[in-house]
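S.K.: Shown below is the structure under consideration.
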Amino acid sequence: FKYTCEWDNKTKIITNLKTFGDQVYKDLLKSVDAEFGTLPPEPYDEFADENAAIEAFIENQAEYYIVGSRKPIFDKLQRHAECAGGNGYLCLEGEAGSGKSALLARFYRYYIGTGDKPGHPDHLVIPHFVGVSAGSTDVRRILRRLCHELIIATGISDEIPENFEELQKVFPSLLEKAASIHH
């Protein structure tokens, strides 16, 4: 393309660049459309990034897990998840780097049925690993994500509040509703 422009001696700048600017803008839009398409972007899903980060973490960690001498721990997780005894609480502890995340990632995959055998498709399992993403340590964002996952899995039509105090009230209510649906 040839463009006309002029030098303004008074201001010491090039002027009459509208045709040039219009062409650059048109070419830039054409390049963006060619790479990303012309459809408008899908609305931002605040939970999609968190879920993707958690799934990627699980996928990565599960690969590193080797049952070996940890079979009794794995079996205890299985019994606990199936409500076979205990008080409802389970704490997995160990030294940093000892494989806790790999064990839990592998167990999650196994339990939901993407591991070594069919899992429990009627159970709702919402994985969460602290430190996986920016939102994984923010209690408000964690509660919002858990509420979102409960709503998606059960079809409950409740709204998810932004306010932390309201979330603290809504979350137990959603758990009760989800439990009554998943019984």
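Letters A, B, ... mark the chains of the structure tokens in the order given; residue numbers begin at 1 per chain; ligand numbers begin at 1, in order shown.
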Write out as a list in words each polymer residue whose atoms come within 10 Å of region 87-92 of chain A, counting only C-alpha atoms; drop sequence neighbours fewer than 6 positions from it.
M.R.: Ile73, Lys76, Leu77, His80, Ala81, Lys100, Ser101, Leu103 and Leu104 of chain A
S.K.: Enter the distance from CA of Ala48 (chain A) to CA of Ala62 (chain A), in Å, rounded to one decimal.
M.R.: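 Result for CA of Ala48 (chain A) versus CA of Ala62 (chain A): 20.7 Å, one decimal.
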S.K.: Select from region 8-76 of chain A every residue with an atom at most 10 Å from any atom of region 115-138 of chain A, then for each give the shortest pair of atoms and their distance in Å to one decimal, using only C-alpha atoms, rows by chain and rising number, as a Markdown table.
M.R.:
| residue | atom | partner | partner_atom | distance |
| --- | --- | --- | --- | --- |
| A:Glu46 | CA | A:Gly135 | CA | 9.9 |
| A:Phe47 | CA | A:Gly135 | CA | 9.5 |
| A:Asp49 | CA | A:Ser133 | CA | 8.7 |
| A:Glu50 | CA | A:Ser133 | CA | 6.7 |
| A:Asn51 | CA | A:His128 | CA | 8.7 |
| A:Ala52 | CA | A:Ser133 | CA | 9.8 |
| A:Ala53 | CA | A:Ser133 | CA | 6.5 |
| A:Ile54 | CA | A:Val132 | CA | 6.4 |
| A:Glu55 | CA | A:Pro127 | CA | 8.5 |
| A:Ala56 | CA | A:Val132 | CA | 9.3 |
| A:Phe57 | CA | A:Val132 | CA | 7.0 |
| A:Ile58 | CA | A:Phe129 | CA | 8.7 |
| A:Ala62 | CA | A:Gly115 | CA | 9.2 |
S.K.: May I have the residues from that selection written out with N, CA and C atoms, as a CSV table (one decimal), in the first residue's frame?
M.R.:
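Below is the file out.csv, written as the result:
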chain,number,residue,atom,x,y,z
A,46,GLU,N,-15.6,-18.1,36.2
A,46,GLU,CA,-14.6,-18.0,37.2
A,46,GLU,C,-14.1,-19.3,37.8
A,47,PHE,N,-14.9,-20.3,37.6
A,47,PHE,CA,-14.6,-21.6,38.2
A,47,PHE,C,-13.8,-22.5,37.3
A,49,ASP,N,-11.1,-22.0,35.4
A,49,ASP,CA,-9.7,-21.9,35.5
A,49,ASP,C,-9.2,-22.7,36.7
A,50,GLU,N,-10.0,-22.6,37.8
A,50,GLU,CA,-9.6,-23.3,39.1
A,50,GLU,C,-9.8,-24.8,38.8
A,51,ASN,N,-10.9,-25.2,38.2
A,51,ASN,CA,-11.1,-26.6,38.0
A,51,ASN,C,-10.0,-27.2,37.0
A,52,ALA,N,-9.7,-26.4,36.0
A,52,ALA,CA,-8.6,-26.9,35.1
A,52,ALA,C,-7.3,-27.0,35.8
A,53,ALA,N,-7.0,-26.1,36.7
A,53,ALA,CA,-5.7,-26.2,37.4
A,53,ALA,C,-5.7,-27.4,38.3
A,54,ILE,N,-6.8,-27.7,39.0
A,54,ILE,CA,-6.9,-28.8,39.9
A,54,ILE,C,-6.8,-30.1,39.1
A,55,GLU,N,-7.5,-30.2,38.0
A,55,GLU,CA,-7.5,-31.4,37.1
A,55,GLU,C,-6.0,-31.6,36.6
A,56,ALA,N,-5.4,-30.6,36.2
A,56,ALA,CA,-4.0,-30.7,35.7
A,56,ALA,C,-3.1,-31.2,36.8
A,57,PHE,N,-3.3,-30.7,38.0
A,57,PHE,CA,-2.5,-31.1,39.2
A,57,PHE,C,-2.7,-32.5,39.5
A,58,ILE,N,-4.0,-32.9,39.5
A,58,ILE,CA,-4.3,-34.3,39.8
A,58,ILE,C,-3.7,-35.3,38.7
A,62,ALA,N,-1.0,-37.9,40.0
A,62,ALA,CA,-1.4,-39.3,40.0
A,62,ALA,C,-0.4,-40.2,39.2
S.K.: Mind giving me the straight-line distance from CA of Phe107 (chain A) to CA of Gly94 (chain A) in Å, one decimal?
M.R.: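 A separation of 16.3 Å between them.
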S.K.: So, counting only C-alpha atoms, which residue among A:Thr38, A:Asn163, A:Thr4, A:Thr114 is closest to Gly21 (chain A)?
M.R.: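 For Gly21 (chain A), the nearest of the given residues is A:Thr4.
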S.K.: Could you name the residues that touch region 164-176 of chain A at 7 Å or less, counting only C-alpha atoms, but leaving out those on the same chain fewer than 4 positions away, as a PyMOL selection string?
M.R.: chain A and resi 140+143+147+180
